[in-house]
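A quick write-up on the structure given underneath.
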Amino acid sequence: MITVYGIPNCDTVKRARAWLAEHGLEAAFHDFKKQDVPAEWLPAWLQAFGRDRLVNRAGNTWRKLDDAAKAAVVDDASAIALMMREPSVIKRPVVHWPDGRWTLGFSADEFEKSALTAPKKS
């Protein structure tokens, strides 16, 4: 099963979910706002993408942080603490594919490649 992690009102998450539906791919959705950030996955996400890609420094949530909070993100532990406290700072969507791979953000080309291993809706 494909699992999409993110926030439902995020435009990129909406595009990713729409792409999956248009291609007949079933996907579970994990809403950071209602279900919290899955802390057990954060180390895997950091390993897969790196702190600089996973923490969205271009987004509104990051821009609204005070300078001290921004400066405190110096390693993976401090990035995890921030992501747990401010889930909207995570770049979205994070997608877990059936073959165990992870993708970050939405790219139709990347989704096309990843979808090759995903079962279609019956």
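Labels used: A, B, ... for chains in the order of the structure tokens, numbers from 1 for residues in each chain, and numbers from 1 for ligands as shown.
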
Proximity of stretch 34-61 of chain A to stretch 66-83 of chain A: per-residue shortest pair, 8 Å limit, only C-alpha atoms, as CSV:
```
residue,atom,partner,partner_atom,distance
A:Val37,CA,A:Met83,CA,7.6
A:Leu42,CA,A:Ile80,CA,6.8
A:Leu46,CA,A:Asp76,CA,7.3
A:Arg51,CA,A:Asp76,CA,6.6
A:Val55,CA,A:Ala79,CA,7.3
```

Next, dump the selected residues to file, keeping only N, CA and C atoms, as an mmCIF file, in the first residue's frame.
```
data_model
loop_
_atom_site.group_PDB
_atom_site.id
_atom_site.type_symbol
_atom_site.label_atom_id
_atom_site.label_comp_id
_atom_site.auth_asym_id
_atom_site.auth_seq_id
_atom_site.Cartn_x
_atom_site.Cartn_y
_atom_site.Cartn_z
ATOM 1 N N VAL A 37 2.834 13.673 13.641
ATOM 2 C CA VAL A 37 3.962 13.227 12.831
ATOM 3 C C VAL A 37 4.381 11.853 13.360
ATOM 4 N N LEU A 42 10.730 9.483 11.330
ATOM 5 C CA LEU A 42 11.594 10.651 11.107
ATOM 6 C C LEU A 42 13.063 10.291 10.859
ATOM 7 N N LEU A 46 15.007 11.385 7.468
ATOM 8 C CA LEU A 46 16.251 12.158 7.495
ATOM 9 C C LEU A 46 17.354 11.433 6.743
ATOM 10 N N ARG A 51 18.428 16.506 6.239
ATOM 11 C CA ARG A 51 17.770 17.567 7.011
ATOM 12 C C ARG A 51 17.460 18.782 6.145
ATOM 13 N N VAL A 55 13.360 19.566 6.048
ATOM 14 C CA VAL A 55 12.873 20.770 6.721
ATOM 15 C C VAL A 55 12.699 21.845 5.648
#
```

With 9 Å as the cut-off and only C-alpha atoms counted, what is the closest atom pair between each nearby residue of stretch 66-101 of chain A and stretch 16-36 of chain A? Distances in Å to one decimal, ordered by chain and number, as CSV.
```
residue,atom,partner,partner_atom,distance
A:Met84,CA,A:Asp36,CA,7.8
A:Pro87,CA,A:Phe32,CA,6.3
A:Ser88,CA,A:Phe32,CA,7.9
A:Pro93,CA,A:Ala16,CA,7.5
```

**OP:** Write out as a PyMOL selection string all residues of stretch 2-104 of chain A that DSSP puts in strand (DSSP E or B) for this structure's backbone.
**Re:** chain A and resi 2-6+25+27-31+55+90+94-96+102-104

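Minimum atom-to-atom distance to A:Asp99, evaluated using only C-alpha atoms, belongs to A:Ala118 out of A:Ala58, A:Ala118, A:Lys113, A:Ala48.
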
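Put simply, atom CA of A:Thr117 is 28.1 Å away from atom CA of A:Asp52.
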
**OP:** Using backbone DSSP assignments, extract all helix (DSSP H, G or I) residues from chain A; output them as JSON, numbers by chain.
**Re:** {"A": [11, 12, 13, 14, 15, 16, 17, 18, 19, 20, 21, 22, 32, 33, 34, 35, 39, 40, 41, 42, 43, 44, 45, 46, 47, 48, 49, 51, 52, 53, 54, 60, 61, 62, 63, 64, 67, 68, 69, 70, 71, 76, 77, 78, 79, 80, 81, 82, 83, 84, 85, 87, 88, 89, 108, 109, 110, 111, 112, 113, 114, 115]}

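Closest approach to A:Pro38 among A:Cys10, A:Val94, A:Ile2, A:Leu65: A:Val94, based on only C-alpha atoms.
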
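One distance worth recording is that between atom CA of A:Thr3 and atom CA of A:Trp97, which is 6.8 Å.
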
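One distance worth recording is that between atom CA of A:Trp62 and atom CA of A:Val89, which is 6.0 Å.
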
Subject >> Selection near A:Thr103, 10 Å with only C-alpha atoms, sequence-local residues under 4 positions removed, as a PyMOL selection string >> reply: chain A and resi 4+45+48-49+92-97+107+110-111+114
